[in-house]
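K.L.:
Have a peek at data_21.cif (mmCIF, C-alpha atoms and all ligand atoms).
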```
data_work
loop_
_atom_site.label_atom_id
_atom_site.label_comp_id
_atom_site.auth_asym_id
_atom_site.auth_seq_id
_atom_site.Cartn_x
_atom_site.Cartn_y
_atom_site.Cartn_z
CA MET A 1171 2.75 23.28 11.82
CA SER A 1172 6.30 23.52 10.58
CA LEU A 1173 6.42 24.97 7.05
CA THR A 1174 9.98 23.71 6.63
CA MET A 1175 9.97 20.25 8.22
CA THR A 1176 8.67 18.02 5.45
CA LEU A 1177 8.11 14.31 6.00
CA GLY A 1178 11.12 13.59 3.80
CA ARG A 1179 13.46 15.85 5.79
CA HIS A 1180 12.12 14.40 9.05
CA ILE A 1181 12.71 10.80 7.92
CA LEU A 1182 16.24 11.65 6.75
CA THR A 1183 16.99 13.37 10.07
CA ALA A 1184 15.75 10.29 11.94
CA GLN A 1185 17.84 8.05 9.67
CA ARG A 1186 21.03 9.94 10.60
CA SER A 1187 20.48 8.95 14.25
CA VAL A 1188 20.52 5.24 13.34
CA PRO A 1189 24.15 4.00 13.21
CA ASP A 1190 23.96 1.35 10.48
CA ALA A 1191 21.04 2.85 8.53
CA THR A 1192 21.25 2.08 4.81
CA GLY A 1193 18.38 4.35 3.74
CA THR A 1194 16.18 1.40 2.76
CA LEU A 1195 13.54 2.09 5.41
CA THR A 1196 13.70 5.78 4.48
CA GLY A 1197 12.88 4.85 0.89
CA LEU A 1198 10.05 2.62 2.04
CA LEU A 1199 8.48 5.40 4.12
CA TYR A 1200 8.82 7.76 1.13
CA ASP A 1201 6.99 5.20 -1.03
CA LEU A 1202 4.19 4.89 1.53
CA ALA A 1203 3.81 8.68 1.64
CA LEU A 1204 3.62 8.83 -2.17
CA ALA A 1205 0.99 6.08 -2.21
CA GLY A 1206 -0.91 8.02 0.45
CA LYS A 1207 -0.94 11.14 -1.73
CA VAL A 1208 -2.20 9.15 -4.73
CA VAL A 1209 -4.99 7.53 -2.69
CA ALA A 1210 -5.87 10.82 -0.98
CA ARG A 1211 -6.52 12.41 -4.37
CA GLU A 1212 -9.12 9.71 -5.13
CA ALA A 1213 -10.49 9.17 -1.61
CA THR A 1214 -11.36 12.86 -1.22
CA ARG A 1215 -13.31 13.07 -4.49
CA ALA A 1216 -14.98 9.65 -4.65
CA ASN A 1217 -18.43 11.15 -5.39
CA ILE A 1218 -17.04 13.12 -8.35
CA LEU A 1219 -15.31 10.00 -9.68
CA GLU A 1220 -18.60 8.11 -9.73
CA SER A 1221 -20.23 10.61 -12.10
CA ALA A 1222 -17.11 10.70 -14.27
CA GLN A 1223 -16.78 6.96 -14.69
CA ALA A 1224 -20.10 5.23 -15.30
CA SER A 1225 -19.43 1.93 -13.60
CA GLN A 1226 -21.56 -0.86 -12.23
CA GLU A 1227 -19.03 -1.47 -9.45
CA PRO A 1228 -19.97 0.24 -6.17
CA LYS A 1229 -17.80 3.29 -5.41
CA ALA A 1230 -16.55 1.79 -2.14
CA SER A 1231 -15.18 -1.40 -3.69
CA ARG A 1232 -13.65 0.54 -6.61
CA LEU A 1233 -11.87 2.84 -4.15
CA TYR A 1234 -10.78 -0.13 -2.00
CA ARG A 1235 -9.24 -1.88 -5.03
CA PHE A 1236 -7.58 1.37 -6.12
CA ALA A 1237 -6.00 1.90 -2.68
CA ASP A 1238 -4.86 -1.72 -2.48
CA ALA A 1239 -3.34 -1.66 -5.99
CA THR A 1240 -1.62 1.70 -5.36
CA PHE A 1241 0.14 0.68 -2.14
CA ILE A 1242 1.15 -2.70 -3.58
CA HIS A 1243 2.29 -1.33 -6.96
CA LEU A 1244 4.42 1.43 -5.38
CA ASN A 1245 6.18 -1.08 -3.13
CA GLN A 1246 6.35 -4.21 -5.25
CA ARG A 1247 9.43 -3.49 -7.38
CA THR A 1248 11.58 -1.30 -5.18
CA ASN A 1249 13.95 -3.99 -3.83
CA ARG A 1250 13.08 -2.70 -0.39
CA VAL A 1251 10.14 -5.02 0.32
CA GLY A 1252 10.43 -8.79 -0.03
CA VAL A 1253 6.91 -9.71 1.09
CA ILE A 1254 3.66 -7.73 1.02
CA ALA A 1255 0.40 -8.86 2.61
CA SER A 1256 -2.84 -6.95 2.36
CA GLU A 1257 -6.14 -7.44 4.16
CA SER A 1258 -7.75 -7.79 0.75
CA HIS A 1259 -5.63 -10.78 -0.36
CA ALA A 1260 -5.92 -14.29 1.05
CA GLU A 1261 -2.17 -14.96 0.89
CA PRO A 1262 1.05 -12.91 1.07
CA ILE A 1263 2.50 -11.51 -2.16
CA SER A 1264 6.22 -12.33 -2.53
CA THR A 1265 7.82 -9.47 -4.42
CA ASN A 1266 11.56 -10.15 -4.67
CA ILE A 1267 13.95 -12.11 -2.50
CA GLU A 1268 16.36 -9.15 -2.09
CA GLY A 1269 13.81 -7.02 -0.28
CA LYS A 1270 14.67 -6.99 3.41
CA TYR A 1271 11.34 -5.67 4.71
CA VAL A 1272 7.80 -7.01 5.08
CA LEU A 1273 4.86 -4.66 4.46
CA LEU A 1274 1.40 -5.41 5.90
CA LEU A 1275 -1.56 -3.27 4.84
CA ASP A 1276 -5.15 -2.50 5.55
CA PRO A 1277 -5.51 -0.58 2.29
CA LEU A 1278 -8.67 1.37 3.10
CA ASP A 1279 -10.19 0.94 6.53
CA GLY A 1280 -13.74 2.19 7.03
CA VAL A 1281 -14.43 1.66 3.34
CA SER A 1282 -18.00 0.49 3.98
CA GLN A 1283 -18.82 4.12 4.80
CA THR A 1284 -17.39 5.67 1.65
CA ASP A 1285 -20.88 6.69 0.46
CA TYR A 1286 -21.35 8.84 3.58
CA THR A 1287 -18.08 10.79 3.23
CA VAL A 1288 -16.76 9.47 6.54
CA SER A 1289 -12.97 9.74 6.96
CA LEU A 1290 -11.15 6.64 5.71
CA GLY A 1291 -7.65 5.37 6.47
CA THR A 1292 -4.79 3.16 5.32
CA VAL A 1293 -2.88 1.26 8.01
CA PHE A 1294 0.68 -0.03 7.45
CA ALA A 1295 3.11 -2.18 9.43
CA VAL A 1296 6.77 -2.83 8.57
CA TYR A 1297 8.90 -5.76 9.79
CA ARG A 1298 12.31 -7.11 8.78
CA ARG A 1299 12.13 -10.41 6.93
CA LEU A 1300 13.01 -13.36 9.16
CA ALA A 1301 15.16 -15.11 6.60
CA ASP A 1302 16.66 -14.29 3.20
CA GLY A 1303 15.66 -16.15 0.09
CA PRO A 1304 12.41 -17.28 -1.43
CA GLU A 1305 11.22 -19.22 1.60
CA GLY A 1306 9.85 -15.99 3.06
CA GLY A 1307 6.17 -15.34 3.00
CA LEU A 1308 3.63 -16.32 5.63
CA ALA A 1309 6.15 -16.72 8.47
CA ASP A 1310 7.45 -13.21 7.73
CA CYS A 1311 3.89 -11.85 8.09
CA LEU A 1312 3.04 -13.68 11.33
CA GLN A 1313 5.62 -11.93 13.51
CA SER A 1314 4.70 -10.60 16.93
CA GLY A 1315 4.07 -6.86 17.04
CA ARG A 1316 7.15 -6.59 19.27
CA ASN A 1317 9.21 -7.09 16.08
CA LEU A 1318 7.75 -4.03 14.36
CA VAL A 1319 10.36 -1.76 12.74
CA ALA A 1320 7.87 0.97 11.83
CA ALA A 1321 4.10 1.44 11.62
CA GLY A 1322 1.56 4.12 10.95
CA TYR A 1323 -1.47 5.23 9.02
CA LEU A 1324 -2.82 7.68 6.47
CA LEU A 1325 -6.07 9.41 7.44
CA TYR A 1326 -8.09 10.86 4.55
CA GLY A 1327 -10.26 13.41 6.35
CA SER A 1328 -10.62 17.19 6.61
CA SER A 1329 -6.86 17.01 6.07
CA THR A 1330 -4.80 14.12 4.76
CA VAL A 1331 -2.52 13.14 7.64
CA MET A 1332 0.32 10.61 7.78
CA VAL A 1333 1.14 9.42 11.30
CA TYR A 1334 4.11 7.10 11.80
CA SER A 1335 6.71 5.85 14.23
CA SER A 1336 9.97 4.00 13.61
CA GLY A 1337 10.42 3.36 17.31
CA HIS A 1338 11.51 6.85 18.32
CA GLY A 1339 8.17 8.47 19.18
CA VAL A 1340 5.15 9.39 17.05
CA ASN A 1341 4.94 12.28 14.59
CA ALA A 1342 2.07 13.44 12.37
CA PHE A 1343 2.36 15.18 9.03
CA SER A 1344 -0.43 17.01 7.21
CA LEU A 1345 -0.55 17.19 3.42
CA ASP A 1346 -0.34 20.60 1.77
CA PRO A 1347 -1.91 19.71 -1.59
CA GLY A 1348 -0.54 22.89 -3.16
CA LEU A 1349 3.03 21.87 -2.30
CA GLY A 1350 2.40 18.12 -2.60
CA GLU A 1351 4.32 17.79 0.67
CA PHE A 1352 3.45 16.32 4.06
CA LEU A 1353 4.44 18.98 6.63
CA LEU A 1354 5.11 18.27 10.32
CA SER A 1355 1.91 19.25 12.15
CA HIS A 1356 2.10 17.26 15.41
CA GLU A 1357 5.62 16.62 16.81
CA ASP A 1358 6.40 13.89 19.33
CA VAL A 1359 2.74 13.05 19.98
CA ARG A 1360 1.81 11.89 23.52
CA ILE A 1361 -1.73 10.71 24.31
CA PRO A 1362 -3.16 13.49 26.54
CA SER A 1363 -4.34 12.73 30.07
CA PRO A 1364 -6.96 12.94 31.50
CA PRO A 1365 -8.82 11.31 28.58
CA ARG A 1366 -11.86 13.03 27.02
CA TYR A 1367 -13.49 10.51 24.68
CA TYR A 1368 -14.41 6.89 24.23
CA SER A 1369 -15.38 5.07 21.02
CA LEU A 1370 -17.61 2.02 21.34
CA ASN A 1371 -20.60 0.77 19.34
CA HIS A 1372 -23.32 0.39 22.02
CA ALA A 1373 -25.62 -1.24 19.46
CA HIS A 1374 -23.65 -4.45 20.14
CA ASP A 1375 -24.05 -4.39 23.94
CA ASP A 1376 -26.43 -7.37 24.02
CA PHE A 1377 -23.64 -9.44 22.46
CA TRP A 1378 -20.86 -8.37 24.80
CA THR A 1379 -19.41 -10.40 27.64
CA PRO A 1380 -20.09 -9.32 31.26
CA GLY A 1381 -16.73 -7.59 31.78
CA SER A 1382 -17.00 -5.58 28.54
CA ARG A 1383 -20.54 -4.56 29.47
CA ARG A 1384 -19.39 -3.37 32.91
CA PHE A 1385 -16.52 -1.44 31.33
CA ALA A 1386 -18.94 0.23 28.89
CA ARG A 1387 -21.06 1.41 31.86
CA TYR A 1388 -17.85 2.72 33.49
CA LEU A 1389 -17.01 4.75 30.38
CA GLN A 1390 -20.57 6.13 30.32
CA GLY A 1391 -20.19 7.36 33.93
CA LYS A 1392 -22.81 4.91 35.25
CA ASP A 1393 -20.24 3.37 37.62
CA SER A 1394 -19.91 5.29 40.92
CA THR A 1395 -16.11 5.06 40.66
CA PHE A 1396 -16.07 7.31 37.55
CA PRO A 1397 -18.83 9.91 37.90
CA GLY A 1398 -19.48 11.76 34.63
CA GLY A 1399 -17.56 9.29 32.51
CA LEU A 1400 -16.34 10.39 29.07
CA SER A 1401 -17.92 11.80 25.89
CA MET A 1402 -18.78 9.11 23.33
CA ARG A 1403 -17.61 9.63 19.75
CA TYR A 1404 -17.95 6.79 17.21
CA THR A 1405 -17.51 7.19 13.45
CA GLY A 1406 -17.35 3.50 12.54
CA SER A 1407 -13.92 4.21 11.03
CA LEU A 1408 -11.14 2.76 13.18
CA VAL A 1409 -8.35 5.06 11.98
CA ALA A 1410 -10.45 8.22 12.54
CA ASP A 1411 -11.59 7.04 15.98
CA PHE A 1412 -8.06 6.09 17.01
CA HIS A 1413 -6.67 9.41 15.71
CA ARG A 1414 -9.09 11.26 18.02
CA SER A 1415 -7.91 9.24 21.04
CA LEU A 1416 -4.26 9.74 20.05
CA LEU A 1417 -4.55 13.53 19.85
CA GLY A 1418 -7.43 14.21 22.29
CA GLY A 1419 -7.04 11.46 24.85
CA GLY A 1420 -9.43 8.52 25.06
CA ILE A 1421 -10.00 4.88 24.22
CA PHE A 1422 -11.29 2.92 21.24
CA CYS A 1423 -12.90 -0.41 22.09
CA TYR A 1424 -14.05 -3.25 19.89
CA PRO A 1425 -14.77 -6.08 22.37
CA ALA A 1426 -15.19 -9.73 21.52
CA ASP A 1427 -18.88 -10.52 21.20
CA THR A 1428 -21.12 -13.36 20.05
CA ILE A 1429 -20.97 -12.03 16.46
CA TYR A 1430 -17.16 -11.71 16.50
CA PRO A 1431 -16.01 -14.15 19.23
CA GLN A 1432 -12.39 -13.15 18.54
CA GLY A 1433 -13.23 -9.44 18.00
CA LYS A 1434 -13.55 -7.66 14.62
CA MET A 1435 -10.20 -5.90 14.30
CA ARG A 1436 -7.52 -7.73 12.34
CA LEU A 1437 -4.38 -8.40 14.36
CA VAL A 1438 -1.63 -8.21 11.72
CA PHE A 1439 -3.24 -5.66 9.35
CA GLU A 1440 -4.49 -2.99 11.78
CA ALA A 1441 -4.31 -3.76 15.53
CA ASN A 1442 -0.54 -4.30 15.77
CA ALA A 1443 0.31 -1.12 13.84
CA LEU A 1444 -1.98 1.08 15.97
CA ALA A 1445 -0.85 -0.65 19.18
CA PHE A 1446 2.78 0.18 18.24
CA LEU A 1447 1.82 3.85 17.83
CA ALA A 1448 -0.20 3.89 21.07
CA GLU A 1449 2.72 2.52 23.11
CA GLN A 1450 5.17 4.90 21.40
CA ALA A 1451 2.83 7.76 22.43
CA GLY A 1452 2.68 6.67 26.10
CA GLY A 1453 -0.57 4.72 25.78
CA ALA A 1454 -1.46 1.03 25.58
CA ALA A 1455 -3.37 -1.54 23.55
CA SER A 1456 -4.76 -4.87 24.70
CA ASP A 1457 -7.07 -7.72 23.78
CA GLY A 1458 -8.58 -7.35 27.25
CA VAL A 1459 -6.11 -9.79 28.81
CA GLN A 1460 -2.62 -8.99 27.48
CA PRO A 1461 -0.88 -6.32 25.38
CA THR A 1462 -1.80 -6.58 21.69
CA LEU A 1463 1.88 -6.46 20.73
CA ASP A 1464 2.57 -9.57 22.83
CA LEU A 1465 0.07 -11.68 20.86
CA GLN A 1466 1.67 -14.31 18.60
CA PRO A 1467 -0.27 -14.32 15.29
CA THR A 1468 -1.19 -17.81 14.06
CA SER A 1469 -3.09 -16.91 10.88
CA LEU A 1470 -2.89 -13.99 8.48
CA HIS A 1471 -6.49 -12.78 8.82
CA GLN A 1472 -7.05 -13.52 12.48
CA ARG A 1473 -9.04 -11.02 14.50
CA THR A 1474 -8.60 -9.75 18.05
CA PRO A 1475 -10.60 -7.96 20.72
CA PHE A 1476 -9.17 -4.43 20.82
CA TYR A 1477 -8.87 -1.78 23.54
CA ILE A 1478 -6.48 1.06 22.64
CA GLY A 1479 -5.72 4.53 24.02
CA ASN A 1480 -4.85 5.99 27.41
CA ARG A 1481 -2.91 3.43 29.46
CA GLU A 1482 -5.11 3.84 32.54
CA LEU A 1483 -8.29 3.20 30.54
CA VAL A 1484 -6.87 0.07 28.86
CA GLN A 1485 -5.81 -1.22 32.27
CA MET A 1486 -9.33 -0.50 33.59
CA ALA A 1487 -10.79 -2.57 30.74
CA GLU A 1488 -8.49 -5.46 31.68
CA ASN A 1489 -9.52 -5.12 35.35
CA PHE A 1490 -13.25 -5.34 34.54
CA ILE A 1491 -12.69 -8.33 32.25
CA ARG A 1492 -10.45 -10.10 34.78
CA LEU A 1493 -12.98 -9.48 37.55
CA HIS A 1494 -16.11 -10.49 35.62
CA GLU A 1495 -14.83 -13.00 33.06
CA PRO A 1496 -12.78 -15.78 34.57
CA VAL A 1497 -13.44 -17.61 31.28
CA ARG A 1498 -12.47 -15.68 28.09
CA PRO A 1499 -14.94 -15.41 25.16
CA GLY A 1500 -14.19 -18.21 22.77
CA ASP A 1501 -12.45 -20.30 25.49
CA ASN A 1502 -13.88 -23.73 26.26
CA PRO A 1503 -15.58 -23.26 29.69
P1 LIG B 1601 -14.71 -1.88 7.21
O1 LIG B 1601 -13.30 -1.44 6.93
O2 LIG B 1601 -15.14 -3.05 6.38
O3 LIG B 1601 -15.68 -0.77 7.20
O4 LIG B 1601 -14.71 -2.48 8.71
C1 LIG B 1601 -13.79 -1.96 9.61
C2 LIG B 1601 -14.55 -0.98 10.48
C3 LIG B 1601 -13.60 -0.21 11.38
O5 LIG B 1601 -12.98 0.83 10.71
C4 LIG B 1601 -14.56 0.26 12.42
O6 LIG B 1601 -13.92 0.61 13.60
C5 LIG B 1601 -15.47 -0.95 12.58
O7 LIG B 1601 -15.42 -1.66 11.34
C6 LIG B 1601 -16.89 -0.56 12.85
O8 LIG B 1601 -17.58 -1.79 13.06
P2 LIG B 1601 -19.11 -1.74 13.49
O9 LIG B 1601 -19.85 -1.15 12.32
O10 LIG B 1601 -19.45 -3.16 13.78
O11 LIG B 1601 -19.18 -0.86 14.72
MG MG B 1602 -9.91 -2.45 8.58
#
```
Translate the structure described by the file into structure tokens.
Ligand code: AHM
Ligand code: MG

P.N.:
Amino acid sequence: MSLTMTLGRHILTAQRSVPDATGTLTGLLYDLALAGKVVAREATRANILESAQASQEPKASRLYRFADATFIHLNQRTNRVGVIASESHAEPISTNIEGKYVLLLDPLDGVSQTDYTVSLGTVFAVYRRLADGPEGGLADCLQSGRNLVAAGYLLYGSSTVMVYSSGHGVNAFSLDPGLGEFLLSHEDVRIPSPPRYYSLNHAHDDFWTPGSRRFARYLQGKDSTFPGGLSMRYTGSLVADFHRSLLGGGIFCYPADTIYPQGKMRLVFEANALAFLAEQAGGAASDGVQPTLDLQPTSLHQRTPFYIGNRELVQMAENFIRLHEPVRPGDNP
């Protein structure tokens, strides 16, 4: 951990290497870090809050609304962001026509497990607006992940960590609450190889397609080509499970199944941002057929099958699906 390289100094240093940088993206990343600190203060004391504020509303939904409102409020009137879309809102929120960026948010992923003190996360994705003026909105939010300018997440766990990339590698910063600063704790992150873990909810295996089921057996070490397999770790919190694969080496999988024929993960609010990080860290992300970042979103809340982590494991998932599923789930046979 660097006690002198704060997130702010790191962002400014990165900005200096961009020829025509205006500082707008720098300001946006600052605002996201501030929102992360505000949410972290509440997300890491949710049980205490419940006793302090007698409320009929479940703790999880109160925290979800708080996170959503905090990230939107701290980015709505900065002239940096022209359009905001959040997983918790049906439509995009146009902020002001001068803002040149688009901000997409999963405000608090894993929120259904708040009562069990499982680590939660906020996922963010930043694009440039496609056109100036008020006609922005949905089209700005439905850009391919290949257009991402920056992406990352906050993880509210044993530490509060902000992980982001603006296209020049991945860096992680851990919050020192005493200083109120995010300090560089993991520089130029590369997904380690060989992988150690896999994250997959085996309770769904009756609903998986043949290729996904064969890949799950491969990960378990039940396929002769991969004796021993990997260790399974699954928290039911995407950001926490991805963070483990990013730092420890591994793969997170949420296959399409008969409950979620298009997968459960949301393409524009979580999958694209994490896929951007994975590729920046030498890994990969796929829907089982093609890279997640190549998918062209058609609706704001669309979901996608999701395999993300070590490149060789993602490619193995695609091989099993290609071999055992000539017809994709959800396709007309
Ligand atoms: P949630 O944010 O409503 O809790 O749902 C998202 C979560 C992801 O964080 C996690 O990876 C997945 O849902 C777990 O789904 P399941 O419980 O079906 O395994
Ligand atoms: Mg989510």

K.L.:
Enumerate residues in contact with ligand MG 1602 (chain B): an atom-to-atom distance of at most 9 Å, counting only C-alpha atoms and all ligand atoms. Format the result as number ranges by chain.

P.N.:
A: 1257, 1276-1281, 1291-1293, 1407-1409, 1434-1436, 1439-1440

K.L.:
Which one of A:Tyr1297, A:Phe1352, A:Tyr1200, A:Tyr1477 sits closest to ligand LIG 1601 (chain B) if you count all atoms listed in the file?

P.N.:
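Using all atoms listed in the file, ligand LIG 1601 (chain B) sits closest to A:Tyr1477.
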
K.L.:
Rounded to one decimal, what separation in Å do you get between atom CA of Lys1392 of chain A and atom CA of Gln1432 of chain A?

P.N.:
26.7 Å

K.L.:
In terms of the shortest atom-to-atom distance over all atoms listed in the file, which of A:Leu1318, A:Leu1308, A:Leu1233, A:Ala1448 is closest to ligand LIG 1601 (chain B)?

P.N.:
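Among the listed residues, the smallest separation from ligand LIG 1601 (chain B) belongs to A:Leu1233.
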
K.L.:
Show me, as an MDAnalysis selection string, the residues that have an atom within 9 Å of Ser1415 of chain A when counting all atoms listed in the file, minus same-chain residues fewer than 2 positions from it.

P.N.:
chainID A and resid 1361:1362 1365:1369 1410:1413 1417:1422 1478:1480

K.L.:
Would you compute the distance between atom CA of Leu1182 of chain A and atom CA of Ile1242 of chain A? Give it in Å to one decimal.

P.N.:
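Interatomic distance, atom CA of Leu1182 of chain A to atom CA of Ile1242 of chain A: 23.2 Å.
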
K.L.:
When distances are computed from all atoms listed in the file, which of A:Gly1315, A:His1494, A:Glu1351, A:Asp1346 shows the smallest separation from Pro1467 of chain A?

P.N.:
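The answer is A:Gly1315, which sits nearest to Pro1467 of chain A.
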
K.L.:
Given the choices A:Asp1427, A:Asp1310, A:Glu1268, A:Glu1449, which gets closest to Ser1335 of chain A if the distance is worked out from all atoms listed in the file?

P.N.:
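Result for the nearest residue to Ser1335 of chain A: A:Glu1449.
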
K.L.:
Can you tell me how far atom CA of Thr1395 of chain A sits from atom CA of Gln1450 of chain A, in Å to one decimal?

P.N.:
28.7 Å

K.L.:
Would you mind listing what lies within 8 Å of segment 1322-1334 of chain A as number ranges by chain, with all atoms listed in the file counted and same-chain residues fewer than 6 positions away left out?

P.N.:
A: 1203, 1206, 1210, 1213-1214, 1288-1295, 1340-1345, 1352, 1409-1410, 1443-1444, 1447

K.L.:
Could you tell me which of A:Leu1463, A:Leu1199, A:Leu1353, A:Leu1273 comes closest to Thr1176 of chain A if we count all atoms listed in the file?

P.N.:
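Between A:Leu1463, A:Leu1199, A:Leu1353, A:Leu1273, the residue approaching Thr1176 of chain A most closely is A:Leu1353.
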
K.L.:
What residues have an atom no more than 12 Å from (11.0, 2.5, -8.6) in the file's own frame, counting all atoms listed in the file, and can you write them as an mmCIF file with C-alpha atoms, keeping the file's coordinate frame?

P.N.:
```cif
data_model
loop_
_atom_site.group_PDB
_atom_site.id
_atom_site.type_symbol
_atom_site.label_atom_id
_atom_site.label_comp_id
_atom_site.auth_asym_id
_atom_site.auth_seq_id
_atom_site.Cartn_x
_atom_site.Cartn_y
_atom_site.Cartn_z
ATOM 1 C CA GLY A 1197 12.880 4.850 0.890
ATOM 2 C CA LEU A 1198 10.050 2.620 2.040
ATOM 3 C CA TYR A 1200 8.820 7.760 1.130
ATOM 4 C CA ASP A 1201 6.990 5.200 -1.030
ATOM 5 C CA LEU A 1204 3.620 8.830 -2.170
ATOM 6 C CA HIS A 1243 2.290 -1.330 -6.960
ATOM 7 C CA LEU A 1244 4.420 1.430 -5.380
ATOM 8 C CA ASN A 1245 6.180 -1.080 -3.130
ATOM 9 C CA GLN A 1246 6.350 -4.210 -5.250
ATOM 10 C CA ARG A 1247 9.430 -3.490 -7.380
ATOM 11 C CA THR A 1248 11.580 -1.300 -5.180
ATOM 12 C CA ASN A 1249 13.950 -3.990 -3.830
ATOM 13 C CA ARG A 1250 13.080 -2.700 -0.390
ATOM 14 C CA VAL A 1251 10.140 -5.020 0.320
#
```

K.L.:
Have a look at A:Arg1298, A:Arg1403, A:Arg1215, A:Arg1316 and name the one nearest to ligand LIG 1601 (chain B); count only C-alpha atoms and all ligand atoms.

P.N.:
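Comparing A:Arg1298, A:Arg1403, A:Arg1215, A:Arg1316 against ligand LIG 1601 (chain B), the winner is A:Arg1403.
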
K.L.:
Write out as an NGL selection string which residues come within 12 Å of Asn1489 of chain A when counting only C-alpha atoms, dropping same-chain ones fewer than 5 positions away.

P.N.:
:A and (1381-1382 or 1384-1385 or 1388 or 1456 or 1458-1460 or 1482-1484 or 1494-1496)

K.L.:
Near Ala1260 of chain A, counting all atoms listed in the file, which residues have an atom at most 12 Å away, once you skip same-chain residues fewer than 2 positions from it, shown as a ChimeraX atom specification?

P.N.:
/A:1254-1258,1262-1263,1308,1469-1472

K.L.:
Complete segment 1415-1428 of chain A at the level of N, CA, C and O atoms, written as a PDB file, in the coordinates of the input.

P.N.:
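Wrote rebuild_26.pdb, looks like this:
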```pdb
ATOM      1  N   SER A1415      -8.455   9.620  19.722  1.00  0.00           N
ATOM      2  CA  SER A1415      -7.910   9.240  21.040  1.00  0.00           C
ATOM      3  C   SER A1415      -6.445   9.600  21.146  1.00  0.00           C
ATOM      4  O   SER A1415      -5.970  10.047  22.189  1.00  0.00           O
ATOM      5  N   LEU A1416      -5.705   9.443  20.043  1.00  0.00           N
ATOM      6  CA  LEU A1416      -4.260   9.740  20.050  1.00  0.00           C
ATOM      7  C   LEU A1416      -4.018  11.215  20.343  1.00  0.00           C
ATOM      8  O   LEU A1416      -3.149  11.568  21.134  1.00  0.00           O
ATOM      9  N   LEU A1417      -4.801  12.085  19.718  1.00  0.00           N
ATOM     10  CA  LEU A1417      -4.550  13.530  19.850  1.00  0.00           C
ATOM     11  C   LEU A1417      -5.359  14.172  20.985  1.00  0.00           C
ATOM     12  O   LEU A1417      -4.939  15.169  21.566  1.00  0.00           O
ATOM     13  N   GLY A1418      -6.553  13.578  21.299  1.00  0.00           N
ATOM     14  CA  GLY A1418      -7.430  14.210  22.290  1.00  0.00           C
ATOM     15  C   GLY A1418      -7.465  13.485  23.616  1.00  0.00           C
ATOM     16  O   GLY A1418      -7.992  14.004  24.607  1.00  0.00           O
ATOM     17  N   GLY A1419      -6.967  12.246  23.626  1.00  0.00           N
ATOM     18  CA  GLY A1419      -7.040  11.460  24.850  1.00  0.00           C
ATOM     19  C   GLY A1419      -8.341  10.682  24.915  1.00  0.00           C
ATOM     20  O   GLY A1419      -9.422  11.261  24.794  1.00  0.00           O
ATOM     21  N   GLY A1420      -8.224   9.347  25.008  1.00  0.00           N
ATOM     22  CA  GLY A1420      -9.430   8.520  25.060  1.00  0.00           C
ATOM     23  C   GLY A1420      -9.114   7.081  24.762  1.00  0.00           C
ATOM     24  O   GLY A1420      -7.949   6.679  24.750  1.00  0.00           O
ATOM     25  N   ILE A1421     -10.172   6.313  24.499  1.00  0.00           N
ATOM     26  CA  ILE A1421     -10.000   4.880  24.220  1.00  0.00           C
ATOM     27  C   ILE A1421     -10.967   4.453  23.125  1.00  0.00           C
ATOM     28  O   ILE A1421     -12.105   4.918  23.058  1.00  0.00           O
ATOM     29  N   PHE A1422     -10.454   3.595  22.231  1.00  0.00           N
ATOM     30  CA  PHE A1422     -11.290   2.920  21.240  1.00  0.00           C
ATOM     31  C   PHE A1422     -11.436   1.469  21.684  1.00  0.00           C
ATOM     32  O   PHE A1422     -10.435   0.827  22.047  1.00  0.00           O
ATOM     33  N   CYS A1423     -12.684   0.981  21.662  1.00  0.00           N
ATOM     34  CA  CYS A1423     -12.900  -0.410  22.090  1.00  0.00           C
ATOM     35  C   CYS A1423     -13.706  -1.149  21.029  1.00  0.00           C
ATOM     36  O   CYS A1423     -14.714  -0.629  20.553  1.00  0.00           O
ATOM     37  N   TYR A1424     -13.210  -2.335  20.655  1.00  0.00           N
ATOM     38  CA  TYR A1424     -14.050  -3.250  19.890  1.00  0.00           C
ATOM     39  C   TYR A1424     -13.970  -4.608  20.595  1.00  0.00           C
ATOM     40  O   TYR A1424     -13.086  -5.416  20.301  1.00  0.00           O
ATOM     41  N   PRO A1425     -14.868  -4.852  21.561  1.00  0.00           N
ATOM     42  CA  PRO A1425     -14.770  -6.080  22.370  1.00  0.00           C
ATOM     43  C   PRO A1425     -15.107  -7.319  21.556  1.00  0.00           C
ATOM     44  O   PRO A1425     -15.748  -7.237  20.501  1.00  0.00           O
ATOM     45  N   ALA A1426     -14.682  -8.474  22.073  1.00  0.00           N
ATOM     46  CA  ALA A1426     -15.190  -9.730  21.520  1.00  0.00           C
ATOM     47  C   ALA A1426     -16.684  -9.773  21.812  1.00  0.00           C
ATOM     48  O   ALA A1426     -17.153  -9.224  22.817  1.00  0.00           O
ATOM     49  N   ASP A1427     -17.462 -10.356  20.900  1.00  0.00           N
ATOM     50  CA  ASP A1427     -18.880 -10.520  21.200  1.00  0.00           C
ATOM     51  C   ASP A1427     -19.370 -11.801  20.528  1.00  0.00           C
ATOM     52  O   ASP A1427     -18.570 -12.529  19.925  1.00  0.00           O
ATOM     53  N   THR A1428     -20.668 -12.070  20.600  1.00  0.00           N
ATOM     54  CA  THR A1428     -21.120 -13.360  20.050  1.00  0.00           C
ATOM     55  C   THR A1428     -21.128 -13.330  18.517  1.00  0.00           C
ATOM     56  O   THR A1428     -21.171 -14.368  17.872  1.00  0.00           O
TER      57      THR A1428
END
```
